[in-house]
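Here is input-v3.pdb, consisting of PDB, C-alpha atoms, pLDDT in the B column:
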```
ATOM      1  CA  GLU A   1      -1.187 -14.651  -0.708  1.00 84.00           C
ATOM      2  CA  LEU A   2      -4.516 -13.654   0.756  1.00 82.00           C
ATOM      3  CA  GLN A   3      -5.264  -9.991   0.315  1.00 81.00           C
ATOM      4  CA  LEU A   4      -8.172  -8.388   2.139  1.00 75.00           C
ATOM      5  CA  GLU A   5      -9.622  -5.024   1.286  1.00 78.00           C
ATOM      6  CA  LYS A   6     -10.626  -2.788   4.142  1.00 80.00           C
ATOM      7  CA  SER A   7     -14.315  -2.578   4.824  1.00 89.00           C
ATOM      8  CA  ASN A   8     -16.050  -0.240   7.226  1.00 94.00           C
ATOM      9  CA  ILE A   9     -18.399  -1.159  10.062  1.00 94.00           C
ATOM     10  CA  LEU A  10     -21.869  -0.013  11.076  1.00 93.00           C
ATOM     11  CA  LEU A  11     -22.816  -0.647  14.720  1.00 94.00           C
ATOM     12  CA  LEU A  12     -26.501  -0.373  15.582  1.00 93.00           C
ATOM     13  CA  GLY A  13     -27.948  -0.458  19.061  1.00 92.00           C
ATOM     14  CA  PRO A  14     -29.437   1.577  21.865  1.00 92.00           C
ATOM     15  CA  SER A  15     -27.322   3.745  24.150  1.00 90.00           C
ATOM     16  CA  GLY A  16     -25.290   1.876  26.737  1.00 92.00           C
ATOM     17  CA  VAL A  17     -24.935  -1.495  25.000  1.00 94.00           C
ATOM     18  CA  GLY A  18     -21.151  -1.182  24.487  1.00 95.00           C
ATOM     19  CA  LYS A  19     -20.710  -0.020  20.883  1.00 95.00           C
ATOM     20  CA  THR A  20     -17.940   2.438  21.802  1.00 94.00           C
ATOM     21  CA  LEU A  21     -16.335   0.026  24.259  1.00 95.00           C
ATOM     22  CA  MET A  22     -16.123  -2.608  21.518  1.00 95.00           C
ATOM     23  CA  ALA A  23     -14.378  -0.159  19.162  1.00 95.00           C
ATOM     24  CA  LYS A  24     -11.924   1.001  21.877  1.00 96.00           C
ATOM     25  CA  THR A  25     -11.128  -2.608  22.765  1.00 96.00           C
ATOM     26  CA  LEU A  26     -10.481  -3.432  19.100  1.00 94.00           C
ATOM     27  CA  ALA A  27      -8.060  -0.489  18.842  1.00 96.00           C
ATOM     28  CA  ARG A  28      -6.271  -1.568  22.011  1.00 96.00           C
ATOM     29  CA  ILE A  29      -5.918  -5.185  20.843  1.00 96.00           C
ATOM     30  CA  LEU A  30      -4.632  -4.079  17.422  1.00 93.00           C
ATOM     31  CA  SER A  31      -2.369  -1.383  18.958  1.00 96.00           C
ATOM     32  CA  VAL A  32      -3.603   1.284  16.569  1.00 97.00           C
ATOM     33  CA  PRO A  33      -4.531   4.914  17.183  1.00 97.00           C
ATOM     34  CA  PHE A  34      -8.200   5.585  17.875  1.00 97.00           C
ATOM     35  CA  SER A  35     -10.462   8.610  17.840  1.00 97.00           C
ATOM     36  CA  ILE A  36     -14.148   9.124  18.343  1.00 96.00           C
ATOM     37  CA  SER A  37     -16.200  12.004  16.986  1.00 95.00           C
ATOM     38  CA  ASP A  38     -19.815  12.879  17.581  1.00 93.00           C
ATOM     39  CA  CYS A  39     -21.478  13.550  14.215  1.00 90.00           C
ATOM     40  CA  THR A  40     -24.074  16.004  15.521  1.00 87.00           C
ATOM     41  CA  PRO A  41     -21.821  19.120  15.371  1.00 87.00           C
ATOM     42  CA  PHE A  42     -20.684  18.360  11.795  1.00 87.00           C
ATOM     43  CA  THR A  43     -21.692  20.943   9.185  1.00 80.00           C
ATOM     44  CA  GLN A  44     -20.788  21.616   5.589  1.00 74.00           C
ATOM     45  CA  ALA A  45     -17.392  23.240   5.092  1.00 68.00           C
ATOM     46  CA  GLY A  46     -17.601  26.984   5.547  1.00 63.00           C
ATOM     47  CA  TYR A  47     -20.445  26.949   8.082  1.00 72.00           C
ATOM     48  CA  ILE A  48     -20.333  27.296  11.864  1.00 74.00           C
ATOM     49  CA  GLY A  49     -19.693  23.887  13.384  1.00 74.00           C
ATOM     50  CA  GLU A  50     -17.094  21.224  12.650  1.00 87.00           C
ATOM     51  CA  ASP A  51     -16.043  19.953   9.232  1.00 88.00           C
ATOM     52  CA  ALA A  52     -16.262  16.177   8.837  1.00 89.00           C
ATOM     53  CA  GLU A  53     -12.469  16.136   8.309  1.00 91.00           C
ATOM     54  CA  VAL A  54     -11.918  17.055  11.991  1.00 94.00           C
ATOM     55  CA  CYS A  55     -12.188  13.334  12.785  1.00 95.00           C
ATOM     56  CA  VAL A  56      -8.980  12.729  10.781  1.00 96.00           C
ATOM     57  CA  HIS A  57      -7.218  15.514  12.698  1.00 95.00           C
ATOM     58  CA  ARG A  58      -8.257  13.900  15.987  1.00 96.00           C
ATOM     59  CA  LEU A  59      -6.892  10.539  14.822  1.00 97.00           C
ATOM     60  CA  LEU A  60      -3.603  12.143  13.772  1.00 96.00           C
ATOM     61  CA  ALA A  61      -3.327  13.834  17.184  1.00 95.00           C
ATOM     62  CA  ALA A  62      -4.042  10.477  18.890  1.00 96.00           C
ATOM     63  CA  ALA A  63      -1.173   9.002  16.824  1.00 96.00           C
ATOM     64  CA  ASN A  64       1.107  11.836  18.021  1.00 95.00           C
ATOM     65  CA  TYR A  65       1.246  13.178  14.464  1.00 95.00           C
ATOM     66  CA  ASP A  66       2.728   9.950  13.090  1.00 96.00           C
ATOM     67  CA  VAL A  67       1.015   9.894   9.669  1.00 97.00           C
ATOM     68  CA  GLU A  68       1.890   6.248   8.962  1.00 97.00           C
ATOM     69  CA  GLN A  69       0.267   5.120  12.234  1.00 97.00           C
ATOM     70  CA  ALA A  70      -2.773   7.356  11.727  1.00 97.00           C
ATOM     71  CA  GLU A  71      -3.348   5.920   8.257  1.00 96.00           C
ATOM     72  CA  ARG A  72      -3.917   2.515   9.884  1.00 95.00           C
ATOM     73  CA  GLY A  73      -6.048   3.765  12.770  1.00 97.00           C
ATOM     74  CA  ILE A  74      -9.704   3.576  13.710  1.00 97.00           C
ATOM     75  CA  ILE A  75     -12.187   6.460  13.604  1.00 97.00           C
ATOM     76  CA  VAL A  76     -15.544   6.025  15.327  1.00 97.00           C
ATOM     77  CA  LEU A  77     -18.279   8.337  14.096  1.00 96.00           C
ATOM     78  CA  ASP A  78     -20.912   8.279  16.810  1.00 95.00           C
ATOM     79  CA  GLU A  79     -24.552   9.285  16.421  1.00 91.00           C
ATOM     80  CA  VAL A  80     -24.324   8.956  12.639  1.00 92.00           C
ATOM     81  CA  ASP A  81     -28.068   8.346  12.627  1.00 89.00           C
ATOM     82  CA  LYS A  82     -28.595  11.979  13.639  1.00 85.00           C
ATOM     83  CA  ILE A  83     -27.140  13.312  10.367  1.00 84.00           C
ATOM     84  CA  ALA A  84     -30.021  14.635   8.282  1.00 63.00           C
ATOM     85  CA  ALA A  85     -32.540  13.195  10.766  1.00 58.00           C
ATOM     86  CA  ALA A  86     -34.307  16.522  11.197  1.00 56.00           C
ATOM     87  CA  LYS A  87     -35.857  18.028   8.103  1.00 58.00           C
ATOM     88  CA  VAL A  88     -35.036  21.688   7.522  1.00 56.00           C
ATOM     89  CA  SER A  89     -38.178  23.713   6.834  1.00 57.00           C
ATOM     90  CA  HIS A  90     -36.386  26.972   6.002  1.00 59.00           C
ATOM     91  CA  GLY A  91     -32.871  27.937   5.031  1.00 60.00           C
ATOM     92  CA  LYS A  92     -30.084  25.678   3.863  1.00 61.00           C
ATOM     93  CA  ASP A  93     -29.553  22.158   5.253  1.00 61.00           C
ATOM     94  CA  VAL A  94     -25.896  22.593   6.308  1.00 57.00           C
ATOM     95  CA  SER A  95     -25.800  19.529   8.558  1.00 57.00           C
ATOM     96  CA  GLY A  96     -27.424  17.017   6.224  1.00 73.00           C
ATOM     97  CA  GLU A  97     -26.534  16.012   2.698  1.00 79.00           C
ATOM     98  CA  GLY A  98     -23.354  18.105   2.534  1.00 81.00           C
ATOM     99  CA  VAL A  99     -21.994  16.325   5.636  1.00 86.00           C
ATOM    100  CA  GLN A 100     -22.988  12.958   4.173  1.00 88.00           C
ATOM    101  CA  GLN A 101     -21.060  13.768   0.984  1.00 88.00           C
ATOM    102  CA  ALA A 102     -17.988  14.850   2.976  1.00 89.00           C
ATOM    103  CA  LEU A 103     -18.059  11.638   5.038  1.00 93.00           C
ATOM    104  CA  LEU A 104     -18.538   9.521   1.907  1.00 92.00           C
ATOM    105  CA  LYS A 105     -15.443  11.127   0.378  1.00 93.00           C
ATOM    106  CA  LEU A 106     -13.452  10.279   3.533  1.00 94.00           C
ATOM    107  CA  ILE A 107     -14.505   6.646   3.757  1.00 94.00           C
ATOM    108  CA  GLU A 108     -14.035   5.978   0.033  1.00 92.00           C
ATOM    109  CA  GLY A 109     -10.443   7.149   0.346  1.00 92.00           C
ATOM    110  CA  THR A 110      -8.924  10.558  -0.127  1.00 94.00           C
ATOM    111  CA  THR A 111      -6.011  12.632   1.097  1.00 95.00           C
ATOM    112  CA  VAL A 112      -6.841  15.037   3.901  1.00 94.00           C
ATOM    113  CA  GLN A 113      -4.527  17.953   4.594  1.00 94.00           C
ATOM    114  CA  VAL A 114      -4.310  18.469   8.333  1.00 92.00           C
ATOM    115  CA  GLN A 115      -2.720  21.624   9.692  1.00 88.00           C
ATOM    116  CA  ALA A 116      -1.147  21.184  13.117  1.00 83.00           C
ATOM    117  CA  LYS A 117      -3.094  23.075  15.743  1.00 72.00           C
ATOM    118  CA  GLN A 118      -4.756  22.251  19.019  1.00 55.00           C
ATOM    119  CA  GLU A 119      -8.345  21.083  18.897  1.00 47.00           C
ATOM    120  CA  ARG A 120     -10.739  23.758  20.098  1.00 49.00           C
ATOM    121  CA  SER A 121     -12.703  21.474  22.384  1.00 46.00           C
ATOM    122  CA  ALA A 122      -9.718  19.723  23.965  1.00 43.00           C
ATOM    123  CA  PRO A 123      -7.668  21.168  26.807  1.00 40.00           C
ATOM    124  CA  ARG A 124      -3.898  21.116  26.651  1.00 38.00           C
ATOM    125  CA  VAL A 125      -2.182  18.228  28.358  1.00 38.00           C
ATOM    126  CA  GLY A 126       0.791  19.069  30.532  1.00 37.00           C
ATOM    127  CA  ASN A 127       2.571  22.403  30.527  1.00 35.00           C
ATOM    128  CA  SER A 128       4.108  22.211  27.073  1.00 36.00           C
ATOM    129  CA  PRO A 129       2.361  24.313  24.415  1.00 38.00           C
ATOM    130  CA  ASN A 130       3.113  21.602  21.834  1.00 37.00           C
ATOM    131  CA  THR A 131       1.503  18.745  23.766  1.00 38.00           C
ATOM    132  CA  PHE A 132      -1.759  17.457  22.367  1.00 41.00           C
ATOM    133  CA  PRO A 133      -4.432  15.477  24.190  1.00 45.00           C
ATOM    134  CA  SER A 134      -5.085  11.919  23.108  1.00 47.00           C
ATOM    135  CA  ASN A 135      -8.248   9.894  23.284  1.00 50.00           C
ATOM    136  CA  ASN A 136      -6.262   6.801  22.383  1.00 48.00           C
ATOM    137  CA  PRO A 137      -7.178   3.864  24.638  1.00 49.00           C
ATOM    138  CA  LEU A 138      -3.489   2.980  24.933  1.00 48.00           C
ATOM    139  CA  GLY A 139      -2.637   6.261  26.621  1.00 50.00           C
ATOM    140  CA  ASN A 140      -1.206   9.555  25.502  1.00 46.00           C
ATOM    141  CA  SER A 141       1.935   8.417  23.678  1.00 41.00           C
ATOM    142  CA  PRO A 142       1.769   4.791  22.522  1.00 45.00           C
ATOM    143  CA  PHE A 143       3.647   5.417  19.288  1.00 45.00           C
ATOM    144  CA  ASN A 144       6.270   7.856  20.428  1.00 44.00           C
ATOM    145  CA  PRO A 145       7.060   7.493  24.109  1.00 40.00           C
ATOM    146  CA  ASN A 146       9.757  10.167  23.911  1.00 40.00           C
ATOM    147  CA  GLY A 147       7.239  12.700  22.620  1.00 48.00           C
ATOM    148  CA  GLY A 148       9.670  13.793  19.889  1.00 47.00           C
ATOM    149  CA  ASN A 149       7.082  13.882  17.117  1.00 62.00           C
ATOM    150  CA  MET A 150       5.208  16.959  18.334  1.00 68.00           C
ATOM    151  CA  PRO A 151       4.151  19.159  15.431  1.00 73.00           C
ATOM    152  CA  GLN A 152       5.152  22.722  14.842  1.00 72.00           C
ATOM    153  CA  LYS A 153       2.167  25.075  14.681  1.00 74.00           C
ATOM    154  CA  GLY A 154       1.071  25.442  11.076  1.00 79.00           C
ATOM    155  CA  GLU A 155       2.843  22.301   9.873  1.00 90.00           C
ATOM    156  CA  VAL A 156       0.735  20.468   7.251  1.00 93.00           C
ATOM    157  CA  TYR A 157       0.296  16.690   7.196  1.00 96.00           C
ATOM    158  CA  ASN A 158      -1.215  14.719   4.310  1.00 97.00           C
ATOM    159  CA  VAL A 159      -3.226  11.772   5.627  1.00 97.00           C
ATOM    160  CA  ARG A 160      -4.615   9.114   3.272  1.00 97.00           C
ATOM    161  CA  THR A 161      -7.914   7.671   4.485  1.00 96.00           C
ATOM    162  CA  ASP A 162      -7.905   4.524   2.309  1.00 94.00           C
ATOM    163  CA  ASN A 163      -6.809   2.208   5.135  1.00 94.00           C
ATOM    164  CA  ILE A 164      -8.415   3.958   8.101  1.00 96.00           C
ATOM    165  CA  LEU A 165     -11.180   1.817   9.581  1.00 96.00           C
ATOM    166  CA  PHE A 166     -14.338   3.885   9.957  1.00 97.00           C
ATOM    167  CA  ILE A 167     -16.866   2.590  12.470  1.00 97.00           C
ATOM    168  CA  PHE A 168     -20.269   4.257  12.264  1.00 95.00           C
ATOM    169  CA  SER A 169     -22.348   3.966  15.392  1.00 95.00           C
ATOM    170  CA  GLY A 170     -25.847   4.978  16.323  1.00 93.00           C
ATOM    171  CA  ALA A 171     -29.104   3.991  17.963  1.00 93.00           C
ATOM    172  CA  PHE A 172     -31.214   4.312  14.782  1.00 91.00           C
ATOM    173  CA  VAL A 173     -34.403   4.631  16.824  1.00 89.00           C
ATOM    174  CA  GLY A 174     -37.394   3.328  14.883  1.00 88.00           C
ATOM    175  CA  LEU A 175     -35.350   1.419  12.297  1.00 87.00           C
ATOM    176  CA  HIS A 176     -37.055  -1.846  13.172  1.00 86.00           C
ATOM    177  CA  LYS A 177     -40.388  -0.285  12.158  1.00 90.00           C
ATOM    178  CA  VAL A 178     -38.958   0.794   8.801  1.00 88.00           C
ATOM    179  CA  ILE A 179     -37.596  -2.716   8.194  1.00 90.00           C
ATOM    180  CA  MET A 180     -40.937  -4.298   9.122  1.00 91.00           C
TER     181      MET A 180
END
```
Can the structure from this file be put into structure tokens for me?
Amino acid sequence: ELQLEKSNILLLGPSGVGKTLMAKTLARILSVPFSISDCTPFTQAGYIGEDAEVCVHRLLAAANYDVEQAERGIIVLDEVDKIAAAKVSHGKDVSGEGVQQALLKLIEGTTVQVQAKQERSAPRVGNSPNTFPSNNPLGNSPFNPNGGNMPQKGEVYNVRTDNILFIFSGAFVGLHKVIM
């Protein structure tokens, strides 16, 4: 029996070439939950901004809080080239190496505890206070059409990241010069 280990993907290319579209299409073809997170607001845990683990929460919300489905989903981390791109001349670098370490922990495989709550940046969908928005390309409820898996506020979910496909995407401006 052939057994394949999950590998992650790095997509390089300028804006507008279809990196995100390719990832969304892959998720739709595979019928798996999908989330995309911009890496630029990520900061070390405890600082103003978003923790790197928010991308797992978004994936779980896209899977309608079905942990088993989320653990086989796809997370796109966009603008990964912007992490630690700017050198900090004073103060602590809270968006650089600490974020890289947090992302490395996620992609190597760990268990993330996700507490059910609405994402700050996402508006509520519908009139129900327990309805969460989805950025899943298959629609709002591909895994639970009855919507019966809505979380209770404060409920904690343990999500393993071992089998989540992480797709890192960025323009990496100037990389060709470094390679040359």
- Identify all residues satisfying the PyMOL selection byres ((chain A and resi 56-73) around 6) in the given file; provide them as a PyMOL selection string. chain A and resi 32-35+53-55+74+134+136+163-164
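Nearest residue to A:Val80, choosing from A:Glu5, A:Asp38, A:Glu97, A:Asp51 and counting all atoms listed in the file: A:Asp38.
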Could you give me the axis-aligned bounding box of stretch 59-71 of chain A, with 4 Å of padding per side, as centre plus edge lengths in Å to one decimal, as JSON?
```
{"center_x": -2.1, "center_y": 9.5, "center_z": 13.6, "size_x": 17.6, "size_y": 16.7, "size_z": 18.6}
```
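A straight line drawn from atom CA of A:Leu21 to atom CA of A:Lys117 is 27.9 Å long.
Nearest residue to A:Ala23, choosing from A:Met180, A:Phe168, A:Tyr47, A:Val159 and counting only C-alpha atoms: A:Phe168.
Closest to A:Ala102 among A:Ala116, A:Glu79, A:Leu12, A:Ala52 is A:Ala52, based on only C-alpha atoms.
Nearest residue to A:Leu26, choosing from A:Leu175, A:Leu165, A:Val112, A:Leu104 and counting only C-alpha atoms: A:Leu165.
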Mind filling out stretch 151-171 of chain A with N, CA and C atoms and sending it as a compact mmCIF listing (two decimals), in the frame of the given file?
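In the end it all went to rebuild.txt:
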```
# COMPACT_ATOMS: atom_id res chain seq x y z
N PRO A 151 4.16 18.31 16.63
CA PRO A 151 4.15 19.16 15.43
C PRO A 151 4.48 20.61 15.74
N GLN A 152 4.98 21.28 14.75
CA GLN A 152 5.15 22.72 14.84
C GLN A 152 3.83 23.35 14.40
N LYS A 153 3.43 24.43 15.04
CA LYS A 153 2.17 25.08 14.68
C LYS A 153 2.20 25.47 13.21
N GLY A 154 1.16 25.11 12.49
CA GLY A 154 1.07 25.44 11.08
C GLY A 154 1.62 24.38 10.15
N GLU A 155 2.31 23.38 10.70
CA GLU A 155 2.84 22.30 9.87
C GLU A 155 1.68 21.53 9.25
N VAL A 156 1.81 21.14 7.97
CA VAL A 156 0.74 20.47 7.25
C VAL A 156 1.10 19.00 7.05
N TYR A 157 0.13 18.13 7.36
CA TYR A 157 0.30 16.69 7.20
C TYR A 157 -0.72 16.21 6.17
N ASN A 158 -0.31 15.33 5.28
CA ASN A 158 -1.22 14.72 4.31
C ASN A 158 -1.53 13.31 4.78
N VAL A 159 -2.79 13.06 5.10
CA VAL A 159 -3.23 11.77 5.63
C VAL A 159 -4.15 11.10 4.62
N ARG A 160 -3.77 9.91 4.17
CA ARG A 160 -4.62 9.11 3.27
C ARG A 160 -5.62 8.35 4.12
N THR A 161 -6.88 8.33 3.70
CA THR A 161 -7.91 7.67 4.49
C THR A 161 -8.27 6.28 3.96
N ASP A 162 -7.59 5.82 2.93
CA ASP A 162 -7.90 4.52 2.31
C ASP A 162 -7.92 3.36 3.30
N ASN A 163 -6.95 3.34 4.22
CA ASN A 163 -6.81 2.21 5.14
C ASN A 163 -7.26 2.50 6.56
N ILE A 164 -7.86 3.65 6.78
CA ILE A 164 -8.41 3.96 8.10
C ILE A 164 -9.74 3.21 8.21
N LEU A 165 -9.92 2.52 9.34
CA LEU A 165 -11.18 1.82 9.58
C LEU A 165 -12.18 2.81 10.17
N PHE A 166 -13.28 3.01 9.47
CA PHE A 166 -14.34 3.88 9.96
C PHE A 166 -15.44 3.01 10.56
N ILE A 167 -15.78 3.29 11.80
CA ILE A 167 -16.87 2.59 12.47
C ILE A 167 -17.97 3.60 12.72
N PHE A 168 -19.11 3.38 12.09
CA PHE A 168 -20.27 4.26 12.26
C PHE A 168 -21.15 3.65 13.34
N SER A 169 -21.59 4.48 14.27
CA SER A 169 -22.35 3.97 15.39
C SER A 169 -23.55 4.85 15.65
N GLY A 170 -24.65 4.21 16.01
CA GLY A 170 -25.85 4.98 16.32
C GLY A 170 -26.96 4.10 16.82
N ALA A 171 -27.96 4.72 17.41
CA ALA A 171 -29.10 3.99 17.96
C ALA A 171 -30.13 3.65 16.87
```
